>>> print(open('query_16.csv').read())   # CSV, C-alpha atoms
chain,number,residue,atom,x,y,z
M,4,MET,CA,0.0,0.0,0.0
M,5,LYS,CA,1.3,3.4,-1.0
M,6,LYS,CA,2.4,5.6,2.0
M,7,GLY,CA,3.3,8.8,0.2
M,8,VAL,CA,6.8,8.0,-1.0
M,9,MET,CA,6.9,9.4,-4.5
M,10,ARG,CA,10.2,8.8,-6.2
M,11,PRO,CA,14.0,8.5,-5.8
M,12,GLY,CA,15.1,12.1,-4.9
M,13,HIS,CA,18.8,12.0,-4.9
M,14,VAL,CA,22.0,10.0,-4.4
M,15,GLN,CA,25.2,11.3,-3.0
M,16,ILE,CA,28.2,9.6,-4.5
M,17,ARG,CA,31.8,9.7,-3.2
M,18,VAL,CA,34.4,10.3,-5.8
M,19,LEU,CA,38.2,10.3,-5.6
M,20,ASP,CA,38.7,13.2,-8.0
M,21,LEU,CA,35.9,15.8,-8.3
M,22,ASP,CA,37.0,17.3,-11.6
M,23,GLU,CA,37.3,13.9,-13.3
M,24,ALA,CA,33.9,13.0,-11.9
M,25,VAL,CA,32.2,16.1,-13.1
M,26,LYS,CA,33.5,15.5,-16.6
M,27,HIS,CA,32.1,12.0,-16.4
M,28,TYR,CA,28.7,12.8,-15.1
M,29,ALA,CA,28.2,16.1,-16.9
M,30,ASP,CA,30.1,16.0,-20.2
M,31,LEU,CA,29.8,12.3,-20.9
M,32,MET,CA,26.5,11.3,-19.3
M,33,GLY,CA,24.9,14.6,-20.0
M,34,LEU,CA,23.7,15.5,-16.5
M,35,ILE,CA,23.3,19.2,-15.9
M,36,GLU,CA,25.6,20.8,-13.3
M,37,MET,CA,23.2,22.9,-11.2
M,38,ASP,CA,25.2,24.2,-8.3
M,39,ARG,CA,28.1,23.7,-5.9
M,40,ASP,CA,28.2,24.3,-2.1
M,41,ASP,CA,30.8,25.5,0.4
M,42,GLN,CA,31.7,21.9,1.2
M,43,GLY,CA,32.8,21.6,-2.4
M,44,ARG,CA,30.0,19.2,-3.3
M,45,VAL,CA,28.6,19.4,-6.9
M,46,TYR,CA,24.9,19.1,-7.6
M,47,LEU,CA,23.6,17.7,-10.9
M,48,LYS,CA,20.4,16.4,-12.5
M,49,GLY,CA,19.0,14.9,-15.6
M,50,TRP,CA,17.3,17.4,-17.9
M,51,THR,CA,13.7,16.1,-17.4
M,52,GLU,CA,13.8,16.3,-13.7
M,53,VAL,CA,11.8,19.2,-12.1
M,54,ASP,CA,13.6,19.3,-8.8
M,55,LYS,CA,16.9,21.2,-8.7
M,56,PHE,CA,19.2,18.2,-8.3
M,57,SER,CA,19.3,14.4,-8.1
M,58,VAL,CA,23.0,13.6,-8.0
M,59,VAL,CA,25.5,15.0,-5.5
M,60,LEU,CA,29.2,14.3,-5.9
M,61,ARG,CA,31.4,14.5,-2.9
M,62,GLU,CA,35.2,14.2,-3.1
M,63,ALA,CA,36.4,11.7,-0.5
M,64,ASP,CA,39.2,9.2,0.1
M,65,GLU,CA,37.0,6.3,-0.8
M,66,ALA,CA,34.5,5.6,-3.5
M,67,GLY,CA,30.9,4.5,-3.0
M,68,MET,CA,27.5,5.9,-1.9
M,69,ASP,CA,26.9,8.1,1.1
M,70,PHE,CA,23.2,7.9,0.9
M,71,MET,CA,20.1,7.7,-1.3
M,72,ALA,CA,17.0,9.7,-0.7
M,73,PHE,CA,13.3,9.4,-1.6
M,74,LYS,CA,11.0,12.4,-2.0
M,75,VAL,CA,7.7,12.1,-0.1
M,76,ALA,CA,4.4,13.8,-0.9
M,77,ASP,CA,4.6,16.6,1.7
M,78,GLU,CA,6.0,17.7,5.1
M,79,ALA,CA,3.1,16.0,7.0
M,80,THR,CA,3.8,12.7,5.2
M,81,LEU,CA,7.5,13.2,6.2
M,82,ASP,CA,6.5,13.5,9.9
M,83,SER,CA,4.2,10.4,9.8
M,84,LEU,CA,6.8,8.3,8.0
M,85,ALA,CA,9.5,9.4,10.5
M,86,GLN,CA,7.2,8.3,13.3
M,87,ASP,CA,6.5,4.9,11.6
M,88,LEU,CA,10.3,4.3,11.2
M,89,ARG,CA,10.8,5.2,14.9
M,90,ASP,CA,8.0,2.9,15.9
M,91,TYR,CA,9.6,0.2,13.8
M,92,GLY,CA,12.7,0.6,16.0
M,93,LEU,CA,15.0,2.5,13.8
M,94,GLU,CA,17.2,5.4,15.0
M,95,LEU,CA,16.7,8.5,12.9
M,96,THR,CA,19.0,11.4,12.2
M,97,GLU,CA,17.3,14.7,11.2
M,98,LEU,CA,19.3,16.9,8.9
M,99,PRO,CA,18.2,20.5,8.8
M,100,ALA,CA,17.0,22.3,5.7
M,101,GLY,CA,19.9,23.7,3.8
M,102,ASP,CA,22.4,21.0,4.8
M,103,LEU,CA,22.0,20.0,1.1
M,104,LYS,CA,21.7,23.2,-0.8
M,105,ASP,CA,18.0,24.3,-1.5
M,106,CYS,CA,16.7,21.0,0.0
M,107,GLY,CA,14.4,20.9,3.0
M,108,ARG,CA,14.9,18.9,6.2
M,109,ARG,CA,15.8,15.2,5.7
M,110,ILE,CA,15.1,12.2,7.9
M,111,GLN,CA,18.0,9.7,7.6
M,112,PHE,CA,18.1,6.1,8.7
M,113,THR,CA,20.5,3.1,8.3
M,114,ALA,CA,19.0,0.0,6.7
M,115,PRO,CA,19.8,-3.5,8.0
M,116,THR,CA,22.3,-3.8,5.1
M,117,GLY,CA,24.2,-0.8,6.4
M,118,HIS,CA,23.1,1.6,3.6
M,119,HIS,CA,22.0,5.1,4.5
M,120,PHE,CA,18.6,6.2,3.2
M,121,GLU,CA,16.8,9.5,3.7
M,122,LEU,CA,13.4,11.0,3.1
M,123,PHE,CA,12.6,14.6,2.4
M,124,ALA,CA,9.5,16.5,1.1
M,125,THR,CA,10.8,19.8,-0.1
M,126,LYS,CA,13.4,20.8,-2.7
M,127,GLU,CA,13.7,23.8,-4.8
M,128,GLN,CA,12.0,23.2,-8.2
M,129,THR,CA,13.9,24.7,-11.0
M,130,GLY,CA,11.8,22.9,-13.6
M,131,LYS,CA,12.9,20.8,-16.5
M,132,TRP,CA,16.2,22.0,-17.8
M,133,GLY,CA,16.2,23.7,-21.2
M,134,VAL,CA,12.4,23.4,-21.8
M,135,SER,CA,9.6,25.5,-20.5
M,136,ASN,CA,6.5,24.5,-18.5
M,137,ARG,CA,4.4,26.4,-21.1
M,138,ASN,CA,4.2,25.1,-24.6
M,139,PRO,CA,7.3,23.0,-24.0
M,140,GLU,CA,9.6,21.9,-26.9
M,141,ALA,CA,10.4,18.1,-27.1
M,142,TRP,CA,13.9,18.3,-25.8
M,143,PRO,CA,16.7,20.8,-25.1
M,144,ARG,CA,19.0,21.1,-28.1
M,145,ASP,CA,22.2,21.7,-26.0
M,146,ALA,CA,22.1,18.6,-23.8
M,147,LYS,CA,25.5,16.8,-23.9
M,148,GLY,CA,26.8,13.3,-24.3
M,149,MET,CA,24.3,10.5,-23.4
M,150,LYS,CA,21.7,13.1,-22.6
M,151,ALA,CA,20.6,11.1,-19.5
M,152,THR,CA,17.0,12.2,-18.7
M,153,ARG,CA,16.7,11.3,-15.0
M,154,PHE,CA,18.2,9.6,-12.0
M,155,ASP,CA,16.1,6.4,-11.9
M,156,HIS,CA,17.2,3.9,-9.2
M,157,CYS,CA,20.1,2.3,-7.4
M,158,LEU,CA,21.1,-1.3,-7.0
M,159,LEU,CA,22.9,-2.0,-3.7
M,160,TYR,CA,24.7,-5.1,-2.3
M,161,GLY,CA,24.2,-6.1,1.3
M,162,ASP,CA,23.5,-9.0,3.7
M,163,ASP,CA,20.2,-8.6,5.3
M,164,ILE,CA,17.9,-7.9,2.4
M,165,ASP,CA,15.0,-9.6,4.2
M,166,GLY,CA,15.2,-6.8,6.8
M,167,VAL,CA,15.4,-4.2,4.0
M,168,LEU,CA,12.3,-5.7,2.3
M,169,ASP,CA,10.3,-5.5,5.5
M,170,ILE,CA,11.1,-1.9,6.1
M,171,PHE,CA,10.6,-0.7,2.5
M,172,THR,CA,7.3,-2.7,1.9
M,173,ASN,CA,5.7,-2.5,5.4
M,174,VAL,CA,6.8,0.9,6.6
M,175,LEU,CA,7.5,2.9,3.5
M,176,GLY,CA,4.8,1.4,1.3
M,177,PHE,CA,7.0,0.1,-1.5
M,178,GLN,CA,5.8,-2.9,-3.6
M,179,LEU,CA,8.0,-5.9,-4.2
M,180,VAL,CA,7.9,-6.2,-8.0
M,181,GLU,CA,10.5,-8.8,-8.9
M,182,GLN,CA,12.6,-11.2,-6.9
M,183,VAL,CA,15.2,-13.9,-7.4
M,184,VAL,CA,14.7,-16.9,-5.0
M,185,GLU,CA,16.6,-20.0,-4.2
M,186,PRO,CA,14.8,-23.4,-4.1
M,187,ASP,CA,14.3,-23.1,-0.3
M,188,GLY,CA,12.6,-19.7,-0.8
M,189,ASN,CA,15.6,-17.7,0.3
M,190,LYS,CA,15.6,-14.3,-1.5
M,191,ILE,CA,18.8,-13.4,-3.2
M,192,ALA,CA,17.6,-10.3,-5.1
M,193,ILE,CA,14.7,-7.9,-4.6
M,194,PHE,CA,13.4,-5.2,-6.9
M,195,MET,CA,11.0,-2.7,-5.3
M,196,ALA,CA,9.0,0.3,-6.5
M,197,CYS,CA,7.2,3.2,-4.9
M,198,SER,CA,5.8,4.1,-8.4
M,199,MET,CA,4.6,2.5,-11.6
M,200,LYS,CA,8.2,1.6,-12.5
M,201,GLU,CA,9.7,-1.8,-12.3
M,202,HIS,CA,12.1,-0.7,-9.6
M,203,ASP,CA,13.0,2.4,-7.7
M,204,ILE,CA,15.5,0.5,-5.5
M,205,ALA,CA,17.0,-3.0,-5.7
M,206,PHE,CA,19.2,-5.2,-3.6
M,207,ILE,CA,21.2,-8.2,-4.2
M,208,ARG,CA,22.2,-10.4,-1.2
M,209,GLN,CA,26.0,-10.6,-0.7
M,210,PRO,CA,27.9,-11.1,2.5
M,211,MET,CA,28.9,-7.4,2.9
M,212,LYS,CA,27.5,-4.1,4.3
M,213,ASP,CA,26.8,-0.8,2.6
M,214,LYS,CA,28.1,-1.6,-0.8
M,215,PHE,CA,27.1,0.4,-3.9
M,216,HIS,CA,26.6,-1.6,-7.1
M,217,HIS,CA,25.3,1.2,-9.4
M,218,ALA,CA,23.3,4.3,-9.9
M,219,SER,CA,21.1,4.2,-13.0
M,220,PHE,CA,19.9,6.8,-15.4
M,221,PHE,CA,17.0,6.7,-17.9
M,222,LEU,CA,17.4,7.1,-21.6
M,223,GLU,CA,14.6,7.4,-24.1
M,224,SER,CA,15.4,4.5,-26.5
M,225,TRP,CA,17.4,1.5,-27.2
M,226,GLU,CA,19.3,3.5,-29.9
M,227,ASP,CA,20.2,6.0,-27.1
M,228,VAL,CA,21.7,3.0,-25.2
M,229,LEU,CA,23.7,1.9,-28.3
M,230,LYS,CA,25.0,5.5,-28.7
M,231,ALA,CA,25.9,5.6,-25.1
M,232,GLY,CA,28.1,2.6,-25.8
M,233,ASP,CA,29.6,4.5,-28.7
M,234,LEU,CA,30.4,7.4,-26.5
M,235,LEU,CA,32.1,5.1,-23.9
M,236,SER,CA,34.4,3.8,-26.6
M,237,MET,CA,35.1,7.3,-28.0
M,238,THR,CA,36.2,8.4,-24.5
M,239,ASP,CA,37.9,5.1,-23.6
M,240,THR,CA,35.7,4.7,-20.5
M,241,PRO,CA,35.7,1.3,-18.9
M,242,ILE,CA,32.6,-0.7,-19.9
M,243,ASP,CA,31.3,-3.4,-17.6
M,244,ILE,CA,28.8,-5.0,-19.9
M,245,GLY,CA,26.4,-4.1,-22.7
M,246,PRO,CA,24.6,-2.9,-24.6
M,247,THR,CA,22.3,-5.8,-23.8
M,248,ARG,CA,18.9,-6.6,-22.2
M,249,HIS,CA,18.0,-7.5,-18.6
M,250,GLY,CA,15.7,-10.4,-17.9
M,251,LEU,CA,14.7,-8.7,-14.6
M,252,THR,CA,12.7,-5.6,-15.6
M,253,HIS,CA,13.4,-6.4,-19.3
M,254,GLY,CA,15.1,-3.0,-19.7
M,255,THR,CA,17.9,-2.5,-22.3
M,256,THR,CA,21.1,-1.5,-20.6
M,257,ILE,CA,24.8,-0.7,-20.6
M,258,TYR,CA,27.0,-0.6,-17.5
M,259,PHE,CA,30.2,1.3,-17.2
M,260,PHE,CA,32.5,2.9,-14.5
M,261,ASP,CA,33.0,6.4,-13.4
M,262,PRO,CA,36.7,7.5,-12.9
M,263,SER,CA,36.5,6.5,-9.2
M,264,GLY,CA,35.2,3.0,-10.0
M,265,ASN,CA,31.6,3.6,-9.1
M,266,ARG,CA,29.4,1.7,-11.6
M,267,CYS,CA,26.8,3.6,-13.6
M,268,GLU,CA,24.0,2.3,-15.8
M,269,VAL,CA,22.0,4.0,-18.5
M,270,PHE,CA,19.0,2.1,-19.7
M,271,SER,CA,15.7,2.4,-21.6
M,272,GLY,CA,12.4,0.6,-21.6
M,273,GLY,CA,11.4,-2.0,-19.1
M,274,ASP,CA,8.2,-3.2,-17.7
M,275,TYR,CA,5.6,-1.3,-15.6
M,276,THR,CA,3.9,-2.0,-12.3
M,277,TYR,CA,0.4,-1.5,-11.0
M,278,PRO,CA,-0.5,-2.2,-7.3
M,279,ASP,CA,-2.4,-5.4,-8.2
M,280,HIS,CA,0.4,-6.9,-10.2
M,281,PRO,CA,1.7,-10.2,-8.8
M,282,VAL,CA,5.4,-10.5,-7.9
M,283,ILE,CA,7.6,-11.7,-10.7
M,284,THR,CA,9.9,-14.5,-9.6
M,285,TRP,CA,13.1,-15.7,-11.1
M,286,ASP,CA,14.7,-18.9,-10.0
M,287,ALA,CA,18.2,-18.6,-8.7
M,288,GLU,CA,19.4,-21.2,-11.2
M,289,GLN,CA,18.2,-18.7,-13.9
M,290,LEU,CA,20.1,-15.8,-12.4
M,291,GLY,CA,22.4,-15.4,-15.4
M,292,LYS,CA,19.4,-15.0,-17.7
M,293,ALA,CA,17.6,-12.8,-15.2
M,294,ILE,CA,20.5,-10.3,-15.1
M,295,PHE,CA,21.8,-10.6,-18.7
M,296,TYR,CA,19.0,-11.9,-20.9
M,297,HIS,CA,21.2,-12.6,-24.0
M,298,ASP,CA,24.5,-13.9,-22.5
M,299,ARG,CA,22.4,-15.9,-19.9
M,300,GLU,CA,25.5,-15.8,-17.7
M,301,LEU,CA,26.9,-13.3,-15.2
M,302,ASN,CA,30.2,-11.8,-15.8
M,303,GLU,CA,32.3,-12.1,-12.6
M,304,ARG,CA,32.6,-8.4,-12.3
M,305,PHE,CA,28.9,-7.9,-11.9
M,306,LEU,CA,29.0,-9.9,-8.6
M,307,THR,CA,32.4,-8.9,-7.3
M,308,VAL,CA,33.1,-5.3,-8.3
M,309,VAL,CA,31.4,-2.8,-6.0
M,310,THR,CA,32.4,0.4,-4.2
O,12,MET,CA,57.7,19.8,-23.7
O,13,GLU,CA,55.8,16.6,-22.9
O,14,ALA,CA,57.7,13.7,-21.6
O,15,LYS,CA,58.3,11.0,-24.2
O,16,VAL,CA,56.0,8.0,-23.7
O,17,THR,CA,58.1,4.9,-23.2
O,18,SER,CA,57.3,1.2,-23.1
O,19,LEU,CA,58.2,-0.4,-19.8
O,20,ASN,CA,58.2,-4.0,-18.7
O,21,VAL,CA,55.8,-5.2,-15.9
O,22,THR,CA,56.2,-8.6,-14.5
O,23,VAL,CA,53.3,-10.1,-12.6
O,24,VAL,CA,54.0,-12.7,-9.9
O,25,ASP,CA,50.9,-14.9,-9.1
O,26,LYS,CA,51.9,-17.1,-6.1
O,27,ALA,CA,48.5,-18.8,-6.1
O,28,LYS,CA,49.0,-20.0,-9.7
O,29,ASP,CA,52.8,-20.2,-9.3
O,30,THR,CA,53.3,-18.1,-12.5
O,31,GLU,CA,55.2,-15.1,-13.7
O,32,VAL,CA,53.8,-13.2,-16.6
O,33,ALA,CA,55.3,-10.1,-18.2
O,34,PHE,CA,53.7,-7.4,-20.4
O,35,ASP,CA,54.5,-4.1,-21.9
O,36,ALA,CA,53.1,-1.0,-20.1
O,37,LYS,CA,53.1,2.6,-21.2
O,38,SER,CA,54.8,5.1,-19.0
O,39,ASP,CA,52.0,7.7,-19.3
O,40,GLN,CA,49.1,5.6,-17.9
O,41,PRO,CA,48.2,3.3,-15.1
O,42,VAL,CA,49.6,-0.2,-15.4
O,43,LEU,CA,46.2,-1.9,-15.7
O,44,LEU,CA,45.1,0.3,-18.6
O,45,SER,CA,48.0,-1.1,-20.7
O,46,ILE,CA,46.2,-4.5,-20.6
O,47,ARG,CA,43.6,-4.2,-23.3
O,48,SER,CA,41.9,-7.5,-22.9
O,49,VAL,CA,40.1,-8.5,-19.7
O,50,VAL,CA,40.1,-12.2,-20.8
O,51,GLY,CA,43.4,-13.7,-19.7
O,52,SER,CA,44.6,-10.5,-18.0
O,53,PRO,CA,47.5,-11.4,-15.7
O,54,ILE,CA,46.0,-9.0,-13.1
O,55,PRO,CA,42.3,-9.2,-12.1
O,56,VAL,CA,40.4,-6.3,-13.7
O,57,GLY,CA,37.7,-4.5,-11.8
O,58,CYS,CA,36.4,-0.9,-12.0
O,59,LYS,CA,39.7,0.6,-13.4
O,60,GLY,CA,39.1,3.6,-11.2
O,61,GLY,CA,40.7,2.9,-7.8
O,62,GLY,CA,37.4,2.2,-6.2
O,63,CYS,CA,36.7,-1.6,-6.0
O,64,GLY,CA,40.1,-3.1,-4.9
O,65,VAL,CA,40.0,-6.1,-7.2
O,66,CYS,CA,43.4,-5.3,-8.8
O,67,LYS,CA,45.4,-5.0,-5.6
O,68,VAL,CA,49.1,-5.8,-6.0
O,69,ARG,CA,52.3,-5.4,-4.0
O,70,VAL,CA,55.1,-3.7,-6.0
O,71,LEU,CA,58.2,-5.7,-5.3
O,72,GLU,CA,60.6,-3.8,-7.6
O,73,GLY,CA,60.6,-0.5,-9.4
O,74,ASN,CA,59.3,3.0,-9.1
O,75,PHE,CA,55.9,4.4,-9.8
O,76,SER,CA,53.6,7.4,-9.1
O,77,ALA,CA,50.1,6.8,-7.8
O,78,LYS,CA,46.7,8.4,-8.3
O,79,ARG,CA,44.3,8.5,-5.4
O,80,MET,CA,43.0,5.0,-4.3
O,81,SER,CA,40.0,4.2,-2.2
O,82,LYS,CA,40.9,4.0,1.5
O,83,ALA,CA,38.4,1.1,1.8
O,84,HIS,CA,41.0,-1.0,0.1
O,85,ILE,CA,44.4,0.8,0.5
O,86,SER,CA,45.3,2.1,3.9
O,87,GLU,CA,48.2,4.4,4.7
O,88,GLN,CA,50.1,1.4,5.9
O,89,ASP,CA,49.4,-0.5,2.7
O,90,LEU,CA,50.9,2.5,0.8
O,91,GLU,CA,54.0,2.4,2.9
O,92,GLU,CA,54.4,-1.3,2.1
O,93,ASN,CA,53.9,-0.6,-1.6
O,94,VAL,CA,50.5,-2.3,-1.6
O,95,VAL,CA,48.5,-0.5,-4.3
O,96,LEU,CA,45.8,-0.9,-7.0
O,97,ALA,CA,47.2,-1.6,-10.4
O,98,CYS,CA,44.7,0.6,-12.1
O,99,ARG,CA,46.1,3.7,-10.3
O,100,ILE,CA,49.9,3.3,-10.5
O,101,ILE,CA,51.8,4.8,-13.3
O,102,PRO,CA,55.1,3.1,-13.9
O,103,GLU,CA,58.3,5.2,-13.9
O,104,THR,CA,60.6,2.1,-14.4
O,105,ASP,CA,60.2,-1.5,-15.1
O,106,LEU,CA,58.0,-3.1,-12.4
O,107,LYS,CA,57.7,-6.4,-10.7
O,108,VAL,CA,54.3,-6.8,-8.9
O,109,GLU,CA,52.7,-9.6,-6.9
O,110,ILE,CA,49.0,-10.2,-7.0
O,111,LEU,CA,47.2,-9.9,-3.7
O,112,ALA,CA,43.7,-11.3,-3.9
O,113,GLU,CA,41.3,-9.4,-1.6
O,114,THR,CA,38.6,-11.2,0.2
O,115,PRO,CA,35.5,-9.4,1.3
O,116,GLU,CA,36.5,-9.7,5.0
O,117,GLU,CA,39.6,-7.6,4.3
O,118,ASP,CA,37.5,-4.6,3.1
O,119,LYS,CA,38.5,-1.8,5.5
O,120,SER,CA,35.4,0.3,5.0
>>> encode(input="query_16.csv", output="structure tokens")
Amino acid sequence: MKKGVMRPGHVQIRVLDLDEAVKHYADLMGLIEMDRDDQGRVYLKGWTEVDKFSVVLREADEAGMDFMAFKVADEATLDSLAQDLRDYGLELTELPAGDLKDCGRRIQFTAPTGHHFELFATKEQTGKWGVSNRNPEAWPRDAKGMKATRFDHCLLYGDDIDGVLDIFTNVLGFQLVEQVVEPDGNKIAIFMACSMKEHDIAFIRQPMKDKFHHASFFLESWEDVLKAGDLLSMTDTPIDIGPTRHGLTHGTTIYFFDPSGNRCEVFSGGDYTYPDHPVITWDAEQLGKAIFYHDRELNERFLTVVT
Amino acid sequence: MEAKVTSLNVTVVDKAKDTEVAFDAKSDQPVLLSIRSVVGSPIPVGCKGGGCGVCKVRVLEGNFSAKRMSKAHISEQDLEENVVLACRIIPETDLKVEILAETPEEDKS
């Protein structure tokens, strides 16, 4: 049942070299640099996103994800969800408005897999970049590189994904859309949505805490995914795998690495979800086909390379 | 004037497989990036960005400069002991390196 969580709001990614990272996310992927703050963080977004930013880059001495946030319907919803998380037994950290530039207060918690998530209700809306709200043109003519349209989801690796599933579905109102299960019913992957998408957040069970597999960005078409691959070759950017299709979600995809080793995905298409849709289940023995529909086997990097 | 790019020799010692493999590495880029094919690479290839720790090696002989590496995988002490990530070290001389396989438990983050 929906509880007022609307969509992925932002992800803060740690990078080893800020200038190299900005070139990757802005010049190559086509995210728009929107602002910087006095901590040196860089704020970016895809051109279709109405809020001011969805990606925050922070220079640090290790790569990975600081936190991922979801935007909720309004401030009252934020208060009620915070209470629900407290009642569940989670410790919350409240970050004041302005801690992230032009973003309202945020409620942060640590999931059983060690990942940090936050909820917020308010962020400055600068509107879609390069197109108006009134009689809008189809797309901005000066978007760069892959022209990524929006931050779409993250896939994270961690141990207690059953604990995560309980919190996201029962407290935050997400829907379990797809899963990969072992013969004994043990879940090894969960894809969850707070929207009509096939996933807004996904987890794969691995014996580790707080690991970042990738942040994903939406493209309009399969041809855009192919051209993203072209751009990766033109810039000699390390490709993980693709272009190909996923079995899970059925999206078309390519994976690659940012200059600090964080994995990125751009994808297009994919299935949709209504609240009455039954859970889609993949058997663990079909994991290769579930992840990479054509190769039908995993490349080792997909399971072992995380930040 | 730009420094001339030279070709240097990198020898990879793999104690687990009891092998020594050598390849040519350019002097203007990280060692791992001189290996063009992932299949059959003498050093495990991961993210190529200093973030994942898969290509961890100990430099046994030779000089190099290093780009920033994730502290989750390379500590200050590692650096002092020439334990580095092959995707972030740029060779200044011929190198001899030993593969250090990292297990998840060793992750320092």
>>> interface_residues(input="query_16.csv", of="chain M", to="chain O", cutoff="12 Å", atoms="all atoms listed in the file", output="PyMOL selection string")
chain M and resi 16-21+23-24+62-68+117+161+209-217+239-244+258-267+302-310
>>> closest_residue(input="query_16.csv", among="O:Ile54, O:Leu43, O:Leu90, O:Ile101", to="O:Val24", atoms="only C-alpha atoms")
O:Ile54
>>> atom_distance(input="query_16.csv", atom1="atom CA of M:Gly148", atom2="atom CA of M:Asp30")
5.9 Å
>>> atom_distance(input="query_16.csv", atom1="atom CA of O:Asn74", atom2="atom CA of O:Asp105")
7.6 Å
>>> residues_around(input="query_16.csv", residues="stretch 16-21 of chain O", least_positions_apart="6", cutoff="6 Å", atoms="only C-alpha atoms", output="number ranges by chain")
O: 33-39, 105-107
>>> residues_around(input="query_16.csv", residues="M:Leu34", least_positions_apart="4", cutoff="9 Å", atoms="all atoms listed in the file", output="list of chain:residue names")
M:Tyr28, M:Ala29, M:Asp30, M:Leu47, M:Lys48, M:Gly49, M:Trp50, M:Val58, M:Ala146, M:Lys147, M:Gly148, M:Met149, M:Lys150, M:Ala151, M:Thr152, M:Arg153
